[in-house]
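These notes concern the structure reproduced below.
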Amino acid sequence: MTGHNKELREKVRERYAMAATSGSCCDSSCCTTDASLSVDITGGAYGEELGAIPAGAAQASLGCGNPVAVAELNEGETVLDLGSGGGIDVLLSAQRVGPSGFAYGLDMTDEMLELARKNAAEAGADNVEFLKGYIEEIPLEEGTVDVIISNCVINLSTDKPAVIAEMARVLKPGGRIGISDVVAQDCVTPEERAERGSWVGCIAGALSYSEYRTLLANEGFDDISITATHEATEGMDSAIIKAIKPA
């Protein structure tokens with residue numbers, strides 16, 4: 001749970017700017033940079049729903065799961081996607097919440113924001129907005145959103161307590177999170193996580209199960225669950241994290 005590190009943040013930004021401008025993901029995941037370590041964080045999480053969004057959004061998916069599938073979105077809700085990339089989860093969320101709902105995407109990378117806005121225009125989605133900013137400093141007012149989703153992004157932050165605090169701040173009372181992320185088993189030390197993969201590859205910066213639970217509990221979240229979906233690499237899982245902000 002490193003404090004804010006500008007150098008690491010810039011490396012992450014550069015990595016995703018390159019992914020946005022290259023037109024497609026490399027190998028199985030753009031988040032994965034250590035192919036020699038047999039890291040696979042994707043798990044083939046998306047299905048038929050990809051046919052309902054522009055191909056550019058699907059090709060720019062860099063995540064480790066499908067948070068929209070587990071977020072249980074309802075008509076009329078407001079959704080925020082942290083680290084929205086090319087916009088795949090924002091566009092899928094916008095369809096689920098319908099015309100009376102709204103979906104925000106937040107990203108720090110200009111190239112990704114340009115791509116996401118292009119994809120939204122192609123999809124004809126008028127209930128979405130893509131914001132530039134950091135997930136540690138969400139540019140929305142307190143109590144703004146019903147649901148927060150994120151797809152393999154929180155592990156990239158070097159100030160995860162700030163991310164969790166911001167999630168708690170912008171959620172409405174009774175709001176919830178449905179996040180896909182890489183999580184380390186409790187027996188895997190931070191040093192061992194770094195041995196298994198890089199920070200920009202979504203491995204070295206991953207929280208453990210107990211660390212995730214503690215950060216969420218410290219910010220008052222209830223009904224915390226962390227469920228592994230598949231193994232990303234030895235001792236580390238792609239997982240779904242769910243929790244509720246008390247009403």
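Following the order of the structure tokens, first chain is A, next is B, and so on, with residues numbered from 1 inside each chain and ligands from 1 in the order they appear.
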Quick one: pick out all helix (DSSP H, G or I) residues within region 31-246 of chain A from a backbone DSSP run and write them as a PyMOL selection string. chain A and resi 35-37+48-52+55-59+67-70+88-97+110-123+154-156+160-170+190-196+209-218
For region 95-103 of chain A, please output as a PyMOL selection string all residues within 7 Å (counting only C-alpha atoms; exclusion window: fewer than 2 positions along the same chain). chain A and resi 73-80+90-93+105+127-129
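With only C-alpha atoms as the basis for measurement, A:Lys242 is the residue among A:Lys6, A:Arg213, A:Arg13, A:Lys242 that approaches Ser180 (chain A) most closely.
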For Pro67 (chain A), list every protein, DNA or RNA residue within 7 Å, evaluated using only C-alpha atoms, and leave out those in the same chain fewer than 4 positions away; present the list as a PyMOL selection string. chain A and resi 71+149-151+178-180
Serialized selection, N, CA and C atoms, as an mmCIF file, in the first residue's frame:
```cif
data_model
loop_
_atom_site.group_PDB
_atom_site.id
_atom_site.type_symbol
_atom_site.label_atom_id
_atom_site.label_comp_id
_atom_site.auth_asym_id
_atom_site.auth_seq_id
_atom_site.Cartn_x
_atom_site.Cartn_y
_atom_site.Cartn_z
ATOM 1 N N ALA A 71 -22.263 -6.267 -11.180
ATOM 2 C CA ALA A 71 -22.645 -5.051 -10.459
ATOM 3 C C ALA A 71 -24.144 -4.933 -10.255
ATOM 4 N N ILE A 149 -17.823 0.836 -10.505
ATOM 5 C CA ILE A 149 -17.192 -0.340 -11.077
ATOM 6 C C ILE A 149 -15.755 0.008 -11.448
ATOM 7 N N SER A 150 -14.940 -0.997 -11.657
ATOM 8 C CA SER A 150 -13.565 -0.787 -12.105
ATOM 9 C C SER A 150 -13.030 -2.124 -12.579
ATOM 10 N N ASN A 151 -12.180 -2.085 -13.617
ATOM 11 C CA ASN A 151 -11.714 -3.314 -14.228
ATOM 12 C C ASN A 151 -10.191 -3.352 -14.258
ATOM 13 N N GLY A 178 -18.697 -2.873 -7.443
ATOM 14 C CA GLY A 178 -18.508 -4.163 -8.098
ATOM 15 C C GLY A 178 -17.259 -4.062 -8.947
ATOM 16 N N ILE A 179 -16.152 -4.567 -8.442
ATOM 17 C CA ILE A 179 -14.832 -4.314 -9.025
ATOM 18 C C ILE A 179 -14.170 -5.620 -9.435
ATOM 19 N N SER A 180 -13.550 -5.624 -10.598
ATOM 20 C CA SER A 180 -12.644 -6.704 -10.990
ATOM 21 C C SER A 180 -11.217 -6.222 -10.724
#
```
As a short mmCIF file (atom, residue, chain, number, x, y, z; two decimals) with N, CA and C atoms, in the first residue's frame, please: every residue in region 58-237 of chain A that a backbone DSSP assignment puts in strand (DSSP E or B).
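New file out_35.cif:
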```cif
data_model
loop_
_atom_site.label_atom_id
_atom_site.label_comp_id
_atom_site.auth_asym_id
_atom_site.auth_seq_id
_atom_site.Cartn_x
_atom_site.Cartn_y
_atom_site.Cartn_z
N THR A 78 -26.98 5.73 -11.50
CA THR A 78 -25.78 6.44 -11.95
C THR A 78 -24.57 5.60 -11.61
N VAL A 79 -23.73 5.35 -12.61
CA VAL A 79 -22.58 4.46 -12.48
C VAL A 79 -21.30 5.23 -12.75
N LEU A 80 -20.25 4.89 -12.03
CA LEU A 80 -18.92 5.45 -12.27
C LEU A 80 -17.93 4.32 -12.48
N ASP A 81 -17.20 4.40 -13.60
CA ASP A 81 -16.16 3.42 -13.91
C ASP A 81 -14.80 4.07 -13.67
N LEU A 82 -14.04 3.53 -12.72
CA LEU A 82 -12.72 4.06 -12.41
C LEU A 82 -11.69 3.45 -13.35
N PHE A 102 -27.30 7.02 -15.95
CA PHE A 102 -26.13 7.72 -16.49
C PHE A 102 -24.88 6.96 -16.10
N ALA A 103 -23.88 7.00 -16.99
CA ALA A 103 -22.61 6.33 -16.73
C ALA A 103 -21.45 7.28 -16.95
N TYR A 104 -20.64 7.45 -15.91
CA TYR A 104 -19.41 8.24 -15.99
C TYR A 104 -18.22 7.31 -16.17
N GLY A 105 -17.26 7.76 -16.95
CA GLY A 105 -15.97 7.10 -17.02
C GLY A 105 -14.89 8.07 -16.59
N LEU A 106 -13.95 7.60 -15.79
CA LEU A 106 -12.85 8.45 -15.30
C LEU A 106 -11.53 7.84 -15.73
N ASP A 107 -10.70 8.64 -16.38
CA ASP A 107 -9.39 8.16 -16.82
C ASP A 107 -8.41 9.33 -16.81
N VAL A 128 -23.73 9.09 -21.28
CA VAL A 128 -22.39 8.83 -20.77
C VAL A 128 -21.58 10.12 -20.79
N GLU A 129 -20.58 10.17 -19.91
CA GLU A 129 -19.62 11.28 -19.91
C GLU A 129 -18.28 10.74 -19.44
N PHE A 130 -17.22 11.09 -20.16
CA PHE A 130 -15.88 10.68 -19.80
C PHE A 130 -15.12 11.87 -19.21
N LEU A 131 -14.63 11.68 -18.00
CA LEU A 131 -13.96 12.73 -17.23
C LEU A 131 -12.47 12.46 -17.16
N LYS A 132 -11.67 13.53 -17.23
CA LYS A 132 -10.24 13.38 -17.03
C LYS A 132 -9.93 13.60 -15.55
N TYR A 134 -7.84 11.62 -11.75
CA TYR A 134 -7.20 10.50 -11.08
C TYR A 134 -8.20 9.80 -10.17
N GLU A 137 -8.47 11.10 -6.79
CA GLU A 137 -9.08 12.43 -6.63
C GLU A 137 -10.26 12.51 -7.60
N VAL A 145 -23.01 9.00 -6.97
CA VAL A 145 -23.26 7.81 -7.79
C VAL A 145 -23.84 6.67 -6.95
N ASP A 146 -24.57 5.80 -7.65
CA ASP A 146 -25.16 4.63 -7.01
C ASP A 146 -24.21 3.45 -6.99
N VAL A 147 -23.41 3.32 -8.05
CA VAL A 147 -22.56 2.15 -8.22
C VAL A 147 -21.20 2.57 -8.76
N ILE A 148 -20.14 1.99 -8.22
CA ILE A 148 -18.80 2.17 -8.75
C ILE A 148 -18.30 0.83 -9.27
N ILE A 149 -17.82 0.84 -10.51
CA ILE A 149 -17.19 -0.34 -11.08
C ILE A 149 -15.76 0.01 -11.45
N SER A 150 -14.94 -1.00 -11.66
CA SER A 150 -13.57 -0.79 -12.11
C SER A 150 -13.03 -2.12 -12.58
N ASN A 151 -12.18 -2.09 -13.62
CA ASN A 151 -11.71 -3.31 -14.23
C ASN A 151 -10.19 -3.35 -14.26
N LEU A 171 -19.96 7.78 -3.37
CA LEU A 171 -21.13 6.91 -3.37
C LEU A 171 -22.26 7.50 -2.53
N LYS A 172 -23.48 7.30 -2.99
CA LYS A 172 -24.64 7.65 -2.19
C LYS A 172 -24.77 6.66 -1.03
N PRO A 173 -25.42 7.03 0.07
CA PRO A 173 -25.71 6.05 1.11
C PRO A 173 -26.46 4.87 0.52
N GLY A 174 -26.00 3.67 0.84
CA GLY A 174 -26.58 2.47 0.26
C GLY A 174 -26.00 2.11 -1.09
N GLY A 175 -25.06 2.94 -1.59
CA GLY A 175 -24.41 2.65 -2.86
C GLY A 175 -23.47 1.46 -2.73
N ARG A 176 -23.02 0.96 -3.86
CA ARG A 176 -22.25 -0.28 -3.83
C ARG A 176 -21.11 -0.25 -4.85
N ILE A 177 -20.17 -1.18 -4.67
CA ILE A 177 -19.08 -1.34 -5.62
C ILE A 177 -19.10 -2.76 -6.19
N GLY A 178 -18.70 -2.87 -7.44
CA GLY A 178 -18.51 -4.16 -8.10
C GLY A 178 -17.26 -4.06 -8.95
N ILE A 179 -16.15 -4.57 -8.44
CA ILE A 179 -14.83 -4.31 -9.03
C ILE A 179 -14.17 -5.62 -9.43
N SER A 180 -13.55 -5.62 -10.60
CA SER A 180 -12.64 -6.70 -10.99
C SER A 180 -11.22 -6.22 -10.72
N ASP A 181 -10.42 -7.06 -10.10
CA ASP A 181 -9.04 -6.66 -9.82
C ASP A 181 -8.19 -7.90 -9.59
N VAL A 182 -6.88 -7.72 -9.65
CA VAL A 182 -5.96 -8.78 -9.28
C VAL A 182 -5.70 -8.70 -7.79
N VAL A 183 -5.81 -9.83 -7.10
CA VAL A 183 -5.65 -9.89 -5.65
C VAL A 183 -4.66 -11.00 -5.30
N ALA A 184 -3.76 -10.69 -4.38
CA ALA A 184 -2.76 -11.68 -3.96
C ALA A 184 -3.28 -12.49 -2.78
N LEU A 207 -3.15 -5.70 -4.12
CA LEU A 207 -3.39 -5.90 -2.69
C LEU A 207 -3.62 -7.38 -2.41
N SER A 208 -3.40 -7.77 -1.17
CA SER A 208 -3.80 -9.11 -0.74
C SER A 208 -5.28 -9.10 -0.36
N ASP A 222 -19.68 -2.24 4.19
CA ASP A 222 -20.25 -3.46 4.75
C ASP A 222 -20.39 -4.51 3.65
N ASP A 223 -20.76 -5.72 4.07
CA ASP A 223 -21.05 -6.82 3.13
C ASP A 223 -19.91 -7.00 2.12
N ILE A 224 -18.69 -6.99 2.64
CA ILE A 224 -17.52 -7.10 1.78
C ILE A 224 -17.34 -8.56 1.36
N SER A 225 -17.17 -8.76 0.06
CA SER A 225 -16.87 -10.10 -0.45
C SER A 225 -15.79 -10.00 -1.52
N ILE A 226 -14.88 -10.94 -1.51
CA ILE A 226 -13.83 -11.01 -2.52
C ILE A 226 -13.81 -12.45 -3.04
N THR A 227 -14.19 -12.61 -4.29
CA THR A 227 -14.37 -13.94 -4.87
C THR A 227 -13.43 -14.13 -6.06
N ALA A 228 -12.55 -15.09 -5.97
CA ALA A 228 -11.63 -15.37 -7.07
C ALA A 228 -12.40 -15.94 -8.26
N THR A 229 -12.07 -15.49 -9.46
CA THR A 229 -12.68 -16.03 -10.67
C THR A 229 -11.73 -16.98 -11.39
N HIS A 230 -10.44 -16.71 -11.35
CA HIS A 230 -9.44 -17.58 -11.95
C HIS A 230 -8.07 -17.14 -11.49
N GLU A 231 -7.09 -18.00 -11.64
CA GLU A 231 -5.73 -17.68 -11.23
C GLU A 231 -5.06 -16.81 -12.28
N ALA A 232 -4.48 -15.68 -11.86
CA ALA A 232 -3.73 -14.81 -12.77
C ALA A 232 -2.30 -15.30 -12.93
N THR A 233 -1.68 -15.62 -11.81
CA THR A 233 -0.35 -16.22 -11.79
C THR A 233 -0.21 -16.88 -10.42
N MET A 236 -1.80 -15.60 -7.05
CA MET A 236 -2.52 -14.36 -7.30
C MET A 236 -3.71 -14.64 -8.20
N ASP A 237 -4.84 -14.02 -7.88
CA ASP A 237 -6.09 -14.30 -8.58
C ASP A 237 -6.68 -13.05 -9.21
#
```
Within 9 Å of Val200 (chain A), counting only C-alpha atoms, which residues qualify if same-chain residues fewer than 2 places away don't, as a VMD selection string? chain A and resid 8 to 9 11 to 12 15 31 to 33 156 197 to 198 202 to 205
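The nearest approach to Asn155 (chain A) among the residues A:Ala94, A:Ala120, A:Val68, A:Ala206, with only C-alpha atoms taken into account, belongs to A:Ala206.
Put simply, CA of Gly124 (chain A) is 25.9 Å away from CA of Met18 (chain A).
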Proximity to Ala162 (chain A) - best of A:Ala123, A:Asn218, A:Ala194, A:Ser210, only C-alpha atoms: A:Asn218
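One finds CA of Thr189 (chain A) at 28.8 Å from CA of Ser84 (chain A).
Between CA of Glu10 (chain A) and CA of Thr144 (chain A) the interatomic distance comes to 28.3 Å.
Among A:Ile88, A:Ile138, A:Ile154, A:Ala243, the residue with the shortest atom-to-atom distance to Leu115 (chain A), counting only C-alpha atoms, is A:Ile88.
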